[in-house]
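Enquirer: Next comes the structure file model-v7.pdb, holding PDB, C-alpha atoms and all ligand atoms.
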ATOM      1  CA  MET A   1     -40.318  49.961 116.497
ATOM      2  CA  THR A   2     -40.262  46.600 118.243
ATOM      3  CA  ASP A   3     -40.652  45.985 121.937
ATOM      4  CA  GLN A   4     -36.976  45.205 122.174
ATOM      5  CA  SER A   5     -35.730  48.330 120.445
ATOM      6  CA  SER A   6     -32.248  48.255 121.900
ATOM      7  CA  ASP A   7     -30.184  46.057 124.141
ATOM      8  CA  PRO A   8     -28.110  48.086 126.598
ATOM      9  CA  LYS A   9     -26.795  45.063 128.411
ATOM     10  CA  PRO A  10     -27.180  41.303 128.133
ATOM     11  CA  GLY A  11     -30.288  40.217 129.992
ATOM     12  CA  SER A  12     -32.168  43.447 129.498
ATOM     13  CA  TYR A  13     -33.687  45.700 126.851
ATOM     14  CA  VAL A  14     -35.293  49.103 126.384
ATOM     15  CA  ASN A  15     -39.016  48.921 125.625
ATOM     16  CA  LYS A  16     -40.830  51.076 123.116
ATOM     17  CA  GLU A  17     -41.572  53.716 125.760
ATOM     18  CA  GLY A  18     -37.872  53.978 126.510
ATOM     19  CA  GLY A  19     -38.117  52.087 129.795
ATOM     20  CA  TYR A  20     -35.363  49.719 130.880
ATOM     21  CA  GLU A  21     -36.614  46.166 131.348
ATOM     22  CA  ARG A  22     -34.699  43.352 132.989
ATOM     23  CA  LYS A  23     -35.422  39.873 131.668
ATOM     24  CA  ALA A  24     -34.684  38.380 135.091
ATOM     25  CA  ARG A  25     -35.013  34.716 134.138
ATOM     26  CA  TYR A  26     -32.882  32.276 136.009
ATOM     27  CA  ILE A  27     -31.634  28.730 136.107
ATOM     28  CA  GLU A  28     -33.792  27.613 138.999
ATOM     29  CA  THR A  29     -32.091  24.357 140.005
ATOM     30  CA  ARG A  30     -31.567  24.300 143.742
ATOM     31  CA  ILE A  31     -28.795  22.885 145.913
ATOM     32  CA  THR A  32     -30.550  21.372 148.901
ATOM     33  CA  LYS A  33     -29.964  19.095 151.855
ATOM     34  CA  ASP A  34     -32.034  16.338 150.251
ATOM     35  CA  GLY A  35     -30.595  16.904 146.773
ATOM     36  CA  ARG A  36     -34.088  16.840 145.228
ATOM     37  CA  ASP A  37     -32.913  18.623 142.058
ATOM     38  CA  GLY A  38     -29.892  16.337 141.750
ATOM     39  CA  TYR A  39     -27.568  18.663 143.678
ATOM     40  CA  ALA A  40     -27.065  17.929 147.352
ATOM     41  CA  VAL A  41     -25.316  20.215 149.799
ATOM     42  CA  GLU A  42     -21.722  19.023 149.952
ATOM     43  CA  PRO A  43     -18.818  21.076 151.286
ATOM     44  CA  GLY A  44     -16.042  21.566 148.724
ATOM     45  CA  ARG A  45     -18.209  20.615 145.756
ATOM     46  CA  TYR A  46     -19.523  23.982 144.562
ATOM     47  CA  ARG A  47     -17.820  27.148 143.398
ATOM     48  CA  LEU A  48     -19.535  30.512 143.581
ATOM     49  CA  ALA A  49     -18.595  32.603 140.539
ATOM     50  CA  VAL A  50     -18.828  36.337 141.162
ATOM     51  CA  SER A  51     -17.613  39.731 140.157
ATOM     52  CA  ARG A  52     -16.867  42.146 142.957
ATOM     53  CA  ALA A  53     -18.384  44.841 140.772
ATOM     54  CA  CYS A  54     -21.818  43.249 140.588
ATOM     55  CA  PRO A  55     -24.426  44.125 143.206
ATOM     56  CA  TRP A  56     -26.388  40.908 142.628
ATOM     57  CA  ALA A  57     -23.269  38.811 143.167
ATOM     58  CA  HIS A  58     -22.400  40.976 146.165
ATOM     59  CA  ARG A  59     -25.490  39.675 147.992
ATOM     60  CA  THR A  60     -24.236  36.104 147.713
ATOM     61  CA  ILE A  61     -20.711  37.121 148.788
ATOM     62  CA  LEU A  62     -22.120  38.847 151.874
ATOM     63  CA  THR A  63     -24.387  35.944 152.787
ATOM     64  CA  ARG A  64     -21.612  33.363 152.361
ATOM     65  CA  GLN A  65     -19.299  35.435 154.568
ATOM     66  CA  LEU A  66     -21.891  36.227 157.255
ATOM     67  CA  LEU A  67     -22.701  32.527 157.572
ATOM     68  CA  GLY A  68     -19.051  31.467 157.593
ATOM     69  CA  LEU A  69     -19.386  29.297 154.495
ATOM     70  CA  GLU A  70     -16.045  30.309 152.935
ATOM     71  CA  GLU A  71     -14.497  26.886 153.533
ATOM     72  CA  ALA A  72     -17.558  24.972 152.351
ATOM     73  CA  ILE A  73     -18.117  26.948 149.136
ATOM     74  CA  SER A  74     -15.119  28.320 147.266
ATOM     75  CA  MET A  75     -15.277  31.460 145.178
ATOM     76  CA  ALA A  76     -14.145  32.357 141.658
ATOM     77  CA  VAL A  77     -13.696  36.091 141.112
ATOM     78  CA  ALA A  78     -14.001  37.412 137.568
ATOM     79  CA  GLY A  79     -12.312  40.618 136.468
ATOM     80  CA  PRO A  80     -14.457  43.762 136.435
ATOM     81  CA  VAL A  81     -14.351  44.473 132.710
ATOM     82  CA  HIS A  82     -15.456  41.665 130.448
ATOM     83  CA  ASP A  83     -15.130  40.844 126.771
ATOM     84  CA  GLU A  84     -17.900  40.221 124.198
ATOM     85  CA  ASP A  85     -18.524  36.812 125.788
ATOM     86  CA  SER A  86     -19.059  38.356 129.227
ATOM     87  CA  TRP A  87     -17.126  37.591 132.408
ATOM     88  CA  THR A  88     -13.531  36.338 132.237
ATOM     89  CA  PHE A  89     -11.127  35.087 134.897
ATOM     90  CA  ASP A  90      -8.441  37.506 133.811
ATOM     91  CA  LEU A  91      -7.370  38.269 137.400
ATOM     92  CA  ASP A  92      -6.137  34.699 137.830
ATOM     93  CA  PRO A  93      -2.670  33.548 136.770
ATOM     94  CA  GLY A  94      -2.801  32.702 133.068
ATOM     95  CA  GLY A  95      -6.343  34.059 132.889
ATOM     96  CA  VAL A  96      -7.801  30.722 133.967
ATOM     97  CA  ASP A  97      -9.826  29.953 137.088
ATOM     98  CA  PRO A  98      -7.554  27.559 139.012
ATOM     99  CA  VAL A  99     -10.351  25.249 140.162
ATOM    100  CA  LEU A 100     -12.671  25.208 137.162
ATOM    101  CA  GLY A 101      -9.786  25.414 134.667
ATOM    102  CA  ILE A 102     -11.709  27.785 132.380
ATOM    103  CA  PRO A 103     -10.935  31.305 131.149
ATOM    104  CA  ARG A 104     -14.545  32.465 130.793
ATOM    105  CA  LEU A 105     -17.675  31.950 132.857
ATOM    106  CA  LYS A 106     -19.435  31.241 129.559
ATOM    107  CA  ASP A 107     -17.578  27.917 129.403
ATOM    108  CA  ALA A 108     -19.424  26.744 132.537
ATOM    109  CA  TYR A 109     -22.770  27.944 131.166
ATOM    110  CA  ASP A 110     -22.119  26.198 127.843
ATOM    111  CA  LYS A 111     -21.691  22.885 129.657
ATOM    112  CA  ARG A 112     -25.420  22.864 130.432
ATOM    113  CA  PRO A 113     -27.039  20.338 128.078
ATOM    114  CA  ASP A 114     -30.300  22.297 127.979
ATOM    115  CA  GLY A 115     -28.720  25.711 127.561
ATOM    116  CA  TYR A 116     -29.611  28.660 129.773
ATOM    117  CA  PRO A 117     -32.221  31.448 129.880
ATOM    118  CA  GLU A 118     -32.155  34.497 127.658
ATOM    119  CA  SER A 119     -30.938  36.625 130.573
ATOM    120  CA  GLY A 120     -27.543  35.263 129.580
ATOM    121  CA  ILE A 121     -24.236  34.743 131.287
ATOM    122  CA  THR A 122     -24.584  36.457 134.595
ATOM    123  CA  VAL A 123     -23.007  36.497 138.012
ATOM    124  CA  PRO A 124     -23.595  35.200 140.579
ATOM    125  CA  ALA A 125     -23.514  31.632 139.319
ATOM    126  CA  VAL A 126     -22.907  28.471 141.320
ATOM    127  CA  VAL A 127     -20.825  25.906 139.449
ATOM    128  CA  ASP A 128     -20.604  22.190 140.233
ATOM    129  CA  THR A 129     -16.881  21.427 140.280
ATOM    130  CA  GLN A 130     -17.587  17.749 139.473
ATOM    131  CA  THR A 131     -19.043  18.562 136.068
ATOM    132  CA  GLY A 132     -17.843  22.147 135.586
ATOM    133  CA  MET A 133     -21.446  23.124 134.863
ATOM    134  CA  VAL A 134     -23.474  26.066 136.181
ATOM    135  CA  VAL A 135     -26.140  24.735 138.562
ATOM    136  CA  THR A 136     -27.965  27.986 139.336
ATOM    137  CA  ASN A 137     -27.722  31.731 138.788
ATOM    138  CA  ASP A 138     -30.853  32.672 140.733
ATOM    139  CA  PHE A 139     -29.451  35.035 143.341
ATOM    140  CA  HIS A 140     -32.805  35.392 145.134
ATOM    141  CA  GLN A 141     -32.874  31.646 145.796
ATOM    142  CA  ILE A 142     -29.110  31.199 146.274
ATOM    143  CA  VAL A 143     -29.039  33.448 149.351
ATOM    144  CA  LYS A 144     -32.090  31.781 150.899
ATOM    145  CA  ASP A 145     -30.627  28.330 150.322
ATOM    146  CA  LEU A 146     -27.317  29.379 151.893
ATOM    147  CA  VAL A 147     -29.367  30.267 154.980
ATOM    148  CA  THR A 148     -31.692  27.260 155.143
ATOM    149  CA  GLU A 149     -29.911  24.375 153.365
ATOM    150  CA  TRP A 150     -26.299  24.878 154.464
ATOM    151  CA  THR A 151     -26.981  25.018 158.223
ATOM    152  CA  ASP A 152     -24.680  22.067 159.004
ATOM    153  CA  HIS A 153     -21.690  23.955 157.612
ATOM    154  CA  GLN A 154     -22.335  27.463 158.929
ATOM    155  CA  ARG A 155     -20.304  28.950 161.738
ATOM    156  CA  PRO A 156     -21.854  28.274 165.146
ATOM    157  CA  ASP A 157     -22.689  31.924 165.819
ATOM    158  CA  ALA A 158     -24.024  32.669 162.330
ATOM    159  CA  PRO A 159     -26.830  35.255 162.377
ATOM    160  CA  ASP A 160     -30.294  34.076 161.369
ATOM    161  CA  LEU A 161     -30.713  36.208 158.263
ATOM    162  CA  TRP A 162     -34.151  34.856 157.353
ATOM    163  CA  PRO A 163     -36.044  34.249 160.602
ATOM    164  CA  GLU A 164     -39.434  32.607 160.174
ATOM    165  CA  HIS A 165     -41.375  35.258 162.068
ATOM    166  CA  LEU A 166     -40.006  38.084 159.921
ATOM    167  CA  ARG A 167     -40.149  36.426 156.507
ATOM    168  CA  ASP A 168     -43.291  38.136 155.244
ATOM    169  CA  GLU A 169     -41.968  41.566 156.095
ATOM    170  CA  ILE A 170     -38.504  40.761 154.714
ATOM    171  CA  GLU A 171     -40.097  39.730 151.398
ATOM    172  CA  GLU A 172     -42.327  42.794 151.296
ATOM    173  CA  VAL A 173     -39.498  45.266 151.971
ATOM    174  CA  SER A 174     -37.043  43.401 149.717
ATOM    175  CA  ASP A 175     -39.496  43.473 146.809
ATOM    176  CA  LEU A 176     -39.945  47.237 147.123
ATOM    177  CA  VAL A 177     -36.206  47.742 147.415
ATOM    178  CA  TYR A 178     -35.589  45.525 144.373
ATOM    179  CA  ARG A 179     -38.153  47.281 142.214
ATOM    180  CA  ASP A 180     -37.402  50.887 143.121
ATOM    181  CA  VAL A 181     -33.771  50.913 144.239
ATOM    182  CA  ASN A 182     -31.678  47.852 143.216
ATOM    183  CA  ASN A 183     -33.237  47.788 139.771
ATOM    184  CA  GLY A 184     -34.415  51.409 139.983
ATOM    185  CA  VAL A 185     -30.900  52.772 139.535
ATOM    186  CA  TYR A 186     -30.532  50.682 136.350
ATOM    187  CA  ARG A 187     -33.885  51.996 135.118
ATOM    188  CA  CYS A 188     -32.515  55.524 135.522
ATOM    189  CA  GLY A 189     -29.189  54.703 133.907
ATOM    190  CA  PHE A 190     -30.461  52.852 130.875
ATOM    191  CA  ALA A 191     -33.653  54.808 130.213
ATOM    192  CA  GLY A 192     -34.046  55.486 126.513
ATOM    193  CA  THR A 193     -36.278  58.565 126.754
ATOM    194  CA  GLN A 194     -36.491  61.601 129.018
ATOM    195  CA  GLU A 195     -39.942  60.527 130.213
ATOM    196  CA  ALA A 196     -38.754  57.052 131.165
ATOM    197  CA  TYR A 197     -35.752  58.502 132.983
ATOM    198  CA  ASP A 198     -37.865  61.080 134.840
ATOM    199  CA  ALA A 199     -40.301  58.400 135.975
ATOM    200  CA  ALA A 200     -37.519  56.061 137.134
ATOM    201  CA  TYR A 201     -35.752  58.904 138.945
ATOM    202  CA  ASP A 202     -38.919  59.944 140.783
ATOM    203  CA  GLN A 203     -39.654  56.348 141.766
ATOM    204  CA  LEU A 204     -36.097  55.849 143.016
ATOM    205  CA  TRP A 205     -36.088  58.980 145.145
ATOM    206  CA  ALA A 206     -39.532  58.365 146.594
ATOM    207  CA  ARG A 207     -38.224  55.013 147.836
ATOM    208  CA  MET A 208     -34.895  56.437 149.021
ATOM    209  CA  ASP A 209     -36.832  59.013 151.073
ATOM    210  CA  TRP A 210     -39.010  56.223 152.454
ATOM    211  CA  LEU A 211     -35.870  54.271 153.426
ATOM    212  CA  GLU A 212     -34.282  57.344 154.995
ATOM    213  CA  GLU A 213     -37.394  57.856 157.077
ATOM    214  CA  ARG A 214     -37.611  54.180 158.046
ATOM    215  CA  LEU A 215     -33.964  54.016 159.098
ATOM    216  CA  SER A 216     -34.157  57.202 161.117
ATOM    217  CA  THR A 217     -35.848  55.266 163.933
ATOM    218  CA  ARG A 218     -34.408  51.789 163.536
ATOM    219  CA  ARG A 219     -31.026  50.170 163.057
ATOM    220  CA  TYR A 220     -32.054  47.472 160.576
ATOM    221  CA  LEU A 221     -34.648  47.401 157.826
ATOM    222  CA  VAL A 222     -36.808  44.654 159.340
ATOM    223  CA  GLY A 223     -37.089  43.716 163.013
ATOM    224  CA  ASP A 224     -34.187  44.560 165.276
ATOM    225  CA  GLN A 225     -31.659  42.270 163.647
ATOM    226  CA  LEU A 226     -29.661  41.958 160.458
ATOM    227  CA  THR A 227     -31.710  40.126 157.799
ATOM    228  CA  LEU A 228     -31.725  39.369 154.082
ATOM    229  CA  ALA A 229     -33.561  42.688 153.630
ATOM    230  CA  ASP A 230     -30.368  44.505 154.652
ATOM    231  CA  VAL A 231     -28.316  42.214 152.418
ATOM    232  CA  ARG A 232     -30.684  43.220 149.608
ATOM    233  CA  LEU A 233     -30.283  46.972 150.077
ATOM    234  CA  TRP A 234     -26.677  47.469 151.120
ATOM    235  CA  PRO A 235     -24.806  46.546 147.892
ATOM    236  CA  THR A 236     -26.776  49.260 146.070
ATOM    237  CA  LEU A 237     -25.995  51.849 148.747
ATOM    238  CA  VAL A 238     -22.273  51.163 148.736
ATOM    239  CA  ARG A 239     -22.183  51.679 144.944
ATOM    240  CA  PHE A 240     -24.306  54.789 145.062
ATOM    241  CA  ASP A 241     -21.837  57.677 145.081
ATOM    242  CA  ALA A 242     -19.125  55.789 143.176
ATOM    243  CA  ALA A 243     -21.314  54.630 140.283
ATOM    244  CA  TYR A 244     -25.017  55.398 140.339
ATOM    245  CA  HIS A 245     -24.868  59.084 141.259
ATOM    246  CA  GLY A 246     -22.862  59.945 138.134
ATOM    247  CA  HIS A 247     -22.954  57.063 135.685
ATOM    248  CA  PHE A 248     -26.683  56.326 136.111
ATOM    249  CA  LYS A 249     -27.713  59.984 136.680
ATOM    250  CA  CYS A 250     -29.187  59.241 140.118
ATOM    251  CA  ASN A 251     -27.889  62.589 141.235
ATOM    252  CA  ARG A 252     -30.484  64.256 143.429
ATOM    253  CA  THR A 253     -28.579  63.423 146.595
ATOM    254  CA  LYS A 254     -25.464  61.521 147.542
ATOM    255  CA  LEU A 255     -25.582  58.688 150.048
ATOM    256  CA  THR A 256     -23.291  60.771 152.255
ATOM    257  CA  GLU A 257     -25.975  63.480 152.332
ATOM    258  CA  MET A 258     -28.708  61.202 153.709
ATOM    259  CA  PRO A 259     -27.926  60.955 157.426
ATOM    260  CA  ALA A 260     -29.869  57.818 158.318
ATOM    261  CA  LEU A 261     -28.864  55.837 155.223
ATOM    262  CA  TRP A 262     -25.267  56.999 155.504
ATOM    263  CA  GLY A 263     -25.083  55.981 159.161
ATOM    264  CA  TYR A 264     -26.722  52.647 158.358
ATOM    265  CA  ALA A 265     -24.274  51.954 155.523
ATOM    266  CA  ARG A 266     -21.302  52.701 157.768
ATOM    267  CA  ASP A 267     -22.717  50.653 160.630
ATOM    268  CA  LEU A 268     -22.994  47.529 158.452
ATOM    269  CA  TRP A 269     -19.616  48.208 156.869
ATOM    270  CA  GLN A 270     -18.008  48.046 160.291
ATOM    271  CA  THR A 271     -20.207  46.003 162.630
ATOM    272  CA  TRP A 272     -20.796  43.164 160.214
ATOM    273  CA  ASP A 273     -17.536  43.428 158.282
ATOM    274  CA  PHE A 274     -19.396  44.234 155.051
ATOM    275  CA  GLY A 275     -16.449  46.489 154.178
ATOM    276  CA  SER A 276     -14.191  43.518 153.547
ATOM    277  CA  THR A 277     -16.379  42.506 150.586
ATOM    278  CA  VAL A 278     -16.114  45.815 148.719
ATOM    279  CA  ASN A 279     -13.692  46.733 145.955
ATOM    280  CA  PHE A 280     -14.362  50.256 144.685
ATOM    281  CA  GLU A 281     -11.826  49.884 141.864
ATOM    282  CA  HIS A 282     -13.717  46.918 140.470
ATOM    283  CA  ILE A 283     -17.058  48.681 140.902
ATOM    284  CA  LYS A 284     -16.009  51.818 139.037
ATOM    285  CA  ALA A 285     -14.079  49.973 136.343
ATOM    286  CA  HIS A 286     -17.049  47.741 135.610
ATOM    287  CA  TYR A 287     -19.743  50.374 135.386
ATOM    288  CA  TYR A 288     -17.840  53.106 133.590
ATOM    289  CA  ALA A 289     -15.729  50.969 131.254
ATOM    290  CA  THR A 290     -18.263  48.265 130.377
ATOM    291  CA  HIS A 291     -21.396  50.310 129.650
ATOM    292  CA  LEU A 292     -19.906  52.164 126.709
ATOM    293  CA  ASP A 293     -23.342  52.937 125.333
ATOM    294  CA  ILE A 294     -23.890  55.409 128.153
ATOM    295  CA  ASN A 295     -20.218  56.317 128.740
ATOM    296  CA  PRO A 296     -18.669  56.104 125.261
ATOM    297  CA  THR A 297     -15.184  57.297 126.253
ATOM    298  CA  GLY A 298     -14.900  54.571 128.887
ATOM    299  CA  ILE A 299     -13.194  57.050 131.173
ATOM    300  CA  VAL A 300     -13.379  55.960 134.803
ATOM    301  CA  PRO A 301     -13.748  58.885 137.235
ATOM    302  CA  LYS A 302     -11.153  59.331 139.954
ATOM    303  CA  GLY A 303     -13.684  60.288 142.615
ATOM    304  CA  PRO A 304     -15.361  60.074 144.957
ATOM    305  CA  ASP A 305     -12.741  59.947 147.668
ATOM    306  CA  THR A 306     -13.310  56.596 149.345
ATOM    307  CA  SER A 307     -10.052  56.620 151.296
ATOM    308  CA  GLY A 308     -12.032  56.822 154.546
ATOM    309  CA  TRP A 309     -13.735  53.497 153.810
ATOM    310  CA  THR A 310     -11.129  51.244 155.341
ATOM    311  CA  VAL A 311     -10.964  47.666 156.506
ATOM    312  CA  PRO A 312      -8.426  45.972 158.786
ATOM    313  CA  ALA A 313      -5.178  45.047 157.027
ATOM    314  CA  GLY A 314      -5.453  41.758 155.196
ATOM    315  CA  ARG A 315      -9.250  41.991 154.867
ATOM    316  CA  GLU A 316      -9.297  43.948 151.622
ATOM    317  CA  ALA A 317     -11.484  42.515 148.859
ATOM    318  CA  LEU A 318      -8.918  42.100 146.143
ATOM    319  CA  GLY A 319      -8.959  39.646 143.289
ATOM    320  CA  PRO A 320      -9.307  35.882 143.563
ATOM    321  CA  LYS A 321      -8.748  34.363 146.988
TER     322      LYS A 321
HETATM  323  N1  LIG B   1     -29.906  39.081 136.032
HETATM  324  C1  LIG B   1     -30.128  39.114 137.440
HETATM  325  C2  LIG B   1     -28.970  39.670 138.189
HETATM  326  C3  LIG B   1     -27.631  39.214 137.699
HETATM  327  C4  LIG B   1     -27.004  40.211 136.770
HETATM  328  O1  LIG B   1     -27.684  40.898 136.006
HETATM  329  N2  LIG B   1     -25.685  40.323 136.830
HETATM  330  C5  LIG B   1     -24.972  41.200 135.930
HETATM  331  C6  LIG B   1     -23.814  41.912 136.556
HETATM  332  S1  LIG B   1     -24.261  43.179 137.686
HETATM  333  C7  LIG B   1     -24.371  40.369 134.836
HETATM  334  O2  LIG B   1     -23.715  39.368 135.097
HETATM  335  N3  LIG B   1     -24.560  40.803 133.587
HETATM  336  C8  LIG B   1     -24.029  40.157 132.452
HETATM  337  C9  LIG B   1     -22.872  40.875 131.913
HETATM  338  O3  LIG B   1     -22.484  41.920 132.472
HETATM  339  O4  LIG B   1     -22.323  40.392 130.912
HETATM  340  C10 LIG B   1     -31.391  39.915 137.747
HETATM  341  O5  LIG B   1     -31.978  40.389 136.801
HETATM  342  O6  LIG B   1     -31.775  40.078 138.884
END
Would you kindly transcribe this structure into structure tokens?
Expert:
Amino acid sequence: MTDQSSDPKPGSYVNKEGGYERKARYIETRITKDGRDGYAVEPGRYRLAVSRACPWAHRTILTRQLLGLEEAISMAVAGPVHDEDSWTFDLDPGGVDPVLGIPRLKDAYDKRPDGYPESGITVPAVVDTQTGMVVTNDFHQIVKDLVTEWTDHQRPDAPDLWPEHLRDEIEEVSDLVYRDVNNGVYRCGFAGTQEAYDAAYDQLWARMDWLEERLSTRRYLVGDQLTLADVRLWPTLVRFDAAYHGHFKCNRTKLTEMPALWGYARDLWQTWDFGSTVNFEHIKAHYYATHLDINPTGIVPKGPDTSGWTVPAGREALGPK
């Protein structure tokens, strides 16, 4: 048996112990004020390609919205279920992104003269509309650069999501959340052996209990303000009962049964308008109908009842905007 014994999803594999491993390699080019990598901050030039199903893309959608960068950076929204070449713009008229003029995100990746990492065609990806080429797909760096490099184009009252004095703690908490929760749910869902699943499940729930405890005495994960640590955690929480609880077998407890985490999730939904970035239909369709290796019938469950998760009229996260 080789190290890469099966490939549940592009960009990842199951190792010989049955553990799910993410390749997590990125195009690391940065868009900066000084344009040191050849890409300067310039309103109207870049297009953020996302899927509303994807938690990694969700972090860039949230950050862009919190900072009021919607006018400066446009957004291409792929449909939730993709074909063998990954994400497509099938929600757009004619199945073509109206700005990039392409039907598949792959077309923007293929424009790169030096190719792209083995992690494949992933969202989020920032595309240069001048060349039609993907500049970066490194979501860790994209959100930080939206905070620090795009300051001249943010709304005047934008929150400081990455304050200097809290950065060490934000990194520390975000790393734990990434390892045990954001990626932890995938390690449960795509485990190839009982032992690997059991270990991932235990690691996930130890961290969820730690988070529940932490949030029982504080409103935000780090400091007393919204930060990138909250942006890191929240997209996983909002998908929890709709996707991870069933599809990924993370079924010890529902989010709605963890009082501090449930209250925290609802607080951010409402106070910071996170709700207007969520599309449960896209989330469920993507997970249940795309991962046919773990859900071979492709049947998408009707529940849970998310009718109580509402946003003001006109703020719903639909398809392309
Ligand atoms: N690969 C990045 C995150 C980006 C990512 O994996 N995005 C997923 C969607 S949730 C993707 O685009 N996968 C490729 C596909 O579904 O074809 C990481 O490891 O942190």
Enquirer: At a cut-off of 10 Å around ligand LIG 1 (chain B), and using all atoms listed in the file, what residues come up? Please write them as JSON, numbers by chain.
Expert: {"A": [9, 10, 11, 12, 21, 22, 23, 24, 25, 26, 50, 51, 52, 53, 54, 55, 56, 57, 58, 80, 81, 82, 83, 84, 85, 86, 87, 88, 105, 106, 118, 119, 120, 121, 122, 123, 124, 125, 137, 138, 139, 140, 178, 182, 183, 186, 283, 286, 287, 290, 291]}
Enquirer: For Thr148 (chain A), find every residue with an atom within 10 Å (counting all atoms listed in the file), except residues of its own chain fewer than 3 positions away, and show them as a CSV table (one decimal) with C-alpha atoms, keeping the file's coordinate frame.
Expert:
chain,number,residue,atom,x,y,z
A,32,THR,CA,-30.6,21.4,148.9
A,33,LYS,CA,-30.0,19.1,151.9
A,143,VAL,CA,-29.0,33.4,149.4
A,144,LYS,CA,-32.1,31.8,150.9
A,145,ASP,CA,-30.6,28.3,150.3
A,151,THR,CA,-27.0,25.0,158.2
A,152,ASP,CA,-24.7,22.1,159.0
A,160,ASP,CA,-30.3,34.1,161.4
A,161,LEU,CA,-30.7,36.2,158.3
A,162,TRP,CA,-34.2,34.9,157.4
A,163,PRO,CA,-36.0,34.2,160.6
Enquirer: Show me the residues close to (-27.0, 50.6, 156.3) - anything with an atom within 12 Å, counting all atoms listed in the file - and format the list as a PyMOL selection string.
Expert: chain A and resi 211-212+214-216+218-222+226-227+229-238+255-256+258-272+274-275
Enquirer: Using only C-alpha atoms, which residue out of A:Thr310, A:Gln154, A:Asn279, A:Thr129 lies closest to Leu69 (chain A)?
Expert: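 Among A:Thr310, A:Gln154, A:Asn279, A:Thr129, it is A:Gln154 that comes nearest to Leu69 (chain A).
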Enquirer: For a quick check of understanding, using all atoms listed in the file, which of A:Tyr13, A:Trp309, A:Trp150, A:Tyr109 has the smallest distance to Ile73 (chain A)?
Expert: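 Residue with the minimum atom-to-atom distance to Ile73 (chain A): A:Trp150.
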Enquirer: Enter the distance from CA of Asp293 (chain A) to CA of Thr253 (chain A), in Å, rounded to one decimal.
Expert: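 Rounded to one decimal, the two atoms are 24.3 Å apart.
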